[in-house]
Amino acid sequence: MTITVVLKKKEYVFEETKDLTVSKVFKKLAILPETYLCVRDGELITERELLKDGDVIRLVPVISGG
């Protein structure tokens, strides 16, 4: 059982997938959740989203300016 997270062209594979949420992924990777959007299968997902075995999620940096 694995979940793959793609961040800046690097892949991180999580073997422990039980009760793994996007929020927990952010904590494990030591990144601020407000700086990235999480995308699964082309759709945005929230920090509370429970990840499933085989998921591949992509963390996309938030760009802002004025």
# chains A, B, ... in the order shown; residues from 1 in each chain; ligands from 1
>>> residues_around(residues="A:Val13", least_positions_apart="2", cutoff="9 Å", atoms="only C-alpha atoms", output="PyMOL selection string")
chain A and resi 2-6+11+15
>>> write_last_selection(atoms="C-alpha atoms", output="CSV table (one decimal), in the first residue's frame")
chain,number,residue,atom,x,y,z
A,2,THR,CA,1.6,3.2,-1.1
A,3,ILE,CA,0.7,6.9,-1.8
A,4,THR,CA,3.0,9.0,-4.0
A,5,VAL,CA,3.4,12.7,-3.6
A,6,VAL,CA,5.0,14.8,-6.3
A,11,GLU,CA,8.5,11.9,-5.7
A,15,GLU,CA,4.1,3.3,2.8
>>> select_by_dssp(residues="chain A", states="helix (DSSP H, G or I)", output="list of chain:residue names")
A:Val22, A:Ser23, A:Lys24, A:Val25, A:Phe26, A:Lys27, A:Lys28, A:Pro33, A:Glu34, A:Thr35
>>> closest_residue(among="A:Asp19, A:Gly54, A:Lys9, A:Leu59", to="A:Pro33", atoms="only C-alpha atoms")
A:Leu59
>>> select_by_dssp(residues="chain A", states="strand (DSSP E)", output="list in words")
Ile3, Thr4, Val5, Val6, Leu7, Lys10, Glu11, Tyr12, Val13, Phe14, Tyr36, Leu37, Cys38, Val39, Arg40, Glu43, Leu44, Ile45, Val56, Ile57, Arg58, Leu59, Val60 and Pro61 of chain A
>>> write_last_selection(atoms="N, CA and C atoms", output="PDB file, in the first residue's frame")
ATOM      1  N   ILE A   3       1.243   5.600  -1.293  1.00  0.00           N
ATOM      2  CA  ILE A   3       0.734   6.859  -1.822  1.00  0.00           C
ATOM      3  C   ILE A   3       1.948   7.646  -2.288  1.00  0.00           C
ATOM      4  N   THR A   4       1.870   8.199  -3.489  1.00  0.00           N
ATOM      5  CA  THR A   4       2.969   8.961  -4.047  1.00  0.00           C
ATOM      6  C   THR A   4       2.613  10.439  -4.049  1.00  0.00           C
ATOM      7  N   VAL A   5       3.542  11.255  -3.574  1.00  0.00           N
ATOM      8  CA  VAL A   5       3.376  12.702  -3.552  1.00  0.00           C
ATOM      9  C   VAL A   5       4.455  13.312  -4.434  1.00  0.00           C
ATOM     10  N   VAL A   6       4.039  14.131  -5.399  1.00  0.00           N
ATOM     11  CA  VAL A   6       4.981  14.783  -6.300  1.00  0.00           C
ATOM     12  C   VAL A   6       5.106  16.237  -5.874  1.00  0.00           C
ATOM     13  N   LEU A   7       6.348  16.634  -5.578  1.00  0.00           N
ATOM     14  CA  LEU A   7       6.637  17.997  -5.133  1.00  0.00           C
ATOM     15  C   LEU A   7       7.911  18.463  -5.812  1.00  0.00           C
ATOM     16  N   LYS A  10      10.069  15.968  -7.636  1.00  0.00           N
ATOM     17  CA  LYS A  10      10.580  14.882  -6.814  1.00  0.00           C
ATOM     18  C   LYS A  10       9.400  14.092  -6.274  1.00  0.00           C
ATOM     19  N   GLU A  11       9.544  12.781  -6.226  1.00  0.00           N
ATOM     20  CA  GLU A  11       8.468  11.924  -5.732  1.00  0.00           C
ATOM     21  C   GLU A  11       8.792  11.406  -4.333  1.00  0.00           C
ATOM     22  N   TYR A  12       7.803  11.481  -3.478  1.00  0.00           N
ATOM     23  CA  TYR A  12       7.899  10.937  -2.129  1.00  0.00           C
ATOM     24  C   TYR A  12       6.868   9.822  -2.033  1.00  0.00           C
ATOM     25  N   VAL A  13       7.290   8.661  -1.555  1.00  0.00           N
ATOM     26  CA  VAL A  13       6.388   7.517  -1.443  1.00  0.00           C
ATOM     27  C   VAL A  13       6.141   7.237   0.034  1.00  0.00           C
ATOM     28  N   PHE A  14       4.872   7.195   0.387  1.00  0.00           N
ATOM     29  CA  PHE A  14       4.473   6.905   1.765  1.00  0.00           C
ATOM     30  C   PHE A  14       3.937   5.480   1.827  1.00  0.00           C
ATOM     31  N   TYR A  36       0.863  25.656  -0.768  1.00  0.00           N
ATOM     32  CA  TYR A  36       0.679  24.664  -1.836  1.00  0.00           C
ATOM     33  C   TYR A  36      -0.785  24.275  -1.990  1.00  0.00           C
ATOM     34  N   LEU A  37      -1.161  23.971  -3.209  1.00  0.00           N
ATOM     35  CA  LEU A  37      -2.454  23.370  -3.509  1.00  0.00           C
ATOM     36  C   LEU A  37      -2.212  21.887  -3.745  1.00  0.00           C
ATOM     37  N   CYS A  38      -3.164  21.069  -3.384  1.00  0.00           N
ATOM     38  CA  CYS A  38      -3.027  19.634  -3.564  1.00  0.00           C
ATOM     39  C   CYS A  38      -3.992  19.172  -4.661  1.00  0.00           C
ATOM     40  N   VAL A  39      -3.456  18.447  -5.636  1.00  0.00           N
ATOM     41  CA  VAL A  39      -4.244  18.008  -6.785  1.00  0.00           C
ATOM     42  C   VAL A  39      -4.171  16.482  -6.898  1.00  0.00           C
ATOM     43  N   ARG A  40      -5.352  15.867  -7.048  1.00  0.00           N
ATOM     44  CA  ARG A  40      -5.431  14.423  -7.277  1.00  0.00           C
ATOM     45  C   ARG A  40      -6.316  14.209  -8.502  1.00  0.00           C
ATOM     46  N   GLU A  43      -8.034  17.255  -9.946  1.00  0.00           N
ATOM     47  CA  GLU A  43      -8.984  18.011  -9.127  1.00  0.00           C
ATOM     48  C   GLU A  43      -8.337  18.424  -7.808  1.00  0.00           C
ATOM     49  N   LEU A  44      -8.638  19.655  -7.375  1.00  0.00           N
ATOM     50  CA  LEU A  44      -8.147  20.130  -6.087  1.00  0.00           C
ATOM     51  C   LEU A  44      -8.790  19.334  -4.957  1.00  0.00           C
ATOM     52  N   ILE A  45      -8.000  19.041  -3.937  1.00  0.00           N
ATOM     53  CA  ILE A  45      -8.543  18.381  -2.750  1.00  0.00           C
ATOM     54  C   ILE A  45      -8.126  19.181  -1.517  1.00  0.00           C
ATOM     55  N   VAL A  56      -1.916   9.202  -6.336  1.00  0.00           N
ATOM     56  CA  VAL A  56      -0.769  10.025  -6.711  1.00  0.00           C
ATOM     57  C   VAL A  56      -1.269  11.458  -6.601  1.00  0.00           C
ATOM     58  N   ILE A  57      -0.671  12.223  -5.696  1.00  0.00           N
ATOM     59  CA  ILE A  57      -1.085  13.592  -5.544  1.00  0.00           C
ATOM     60  C   ILE A  57       0.068  14.514  -5.896  1.00  0.00           C
ATOM     61  N   ARG A  58      -0.256  15.661  -6.434  1.00  0.00           N
ATOM     62  CA  ARG A  58       0.737  16.647  -6.836  1.00  0.00           C
ATOM     63  C   ARG A  58       0.536  17.906  -6.011  1.00  0.00           C
ATOM     64  N   LEU A  59       1.637  18.398  -5.418  1.00  0.00           N
ATOM     65  CA  LEU A  59       1.598  19.630  -4.651  1.00  0.00           C
ATOM     66  C   LEU A  59       2.077  20.751  -5.558  1.00  0.00           C
ATOM     67  N   VAL A  60       1.190  21.698  -5.794  1.00  0.00           N
ATOM     68  CA  VAL A  60       1.447  22.802  -6.723  1.00  0.00           C
ATOM     69  C   VAL A  60       1.608  24.089  -5.928  1.00  0.00           C
ATOM     70  N   PRO A  61       2.723  24.811  -6.130  1.00  0.00           N
ATOM     71  CA  PRO A  61       2.921  26.046  -5.352  1.00  0.00           C
ATOM     72  C   PRO A  61       1.874  27.099  -5.695  1.00  0.00           C
TER      73      PRO A  61
END
>>> atom_distance(atom1="atom CA of A:Thr17", atom2="atom CA of A:Ile63")
29.4 Å
>>> atom_distance(atom1="atom CA of A:Thr21", atom2="atom CA of A:Met1")
14.7 Å
>>> residues_around(residues="A:Arg48", least_positions_apart="6", cutoff="10 Å", atoms="only C-alpha atoms", output="list of chain:residue names")
A:Leu20, A:Thr21, A:Val22, A:Ser23, A:Lys24
>>> atom_distance(atom1="atom CA of A:Glu47", atom2="atom CA of A:Val25")
9.0 Å
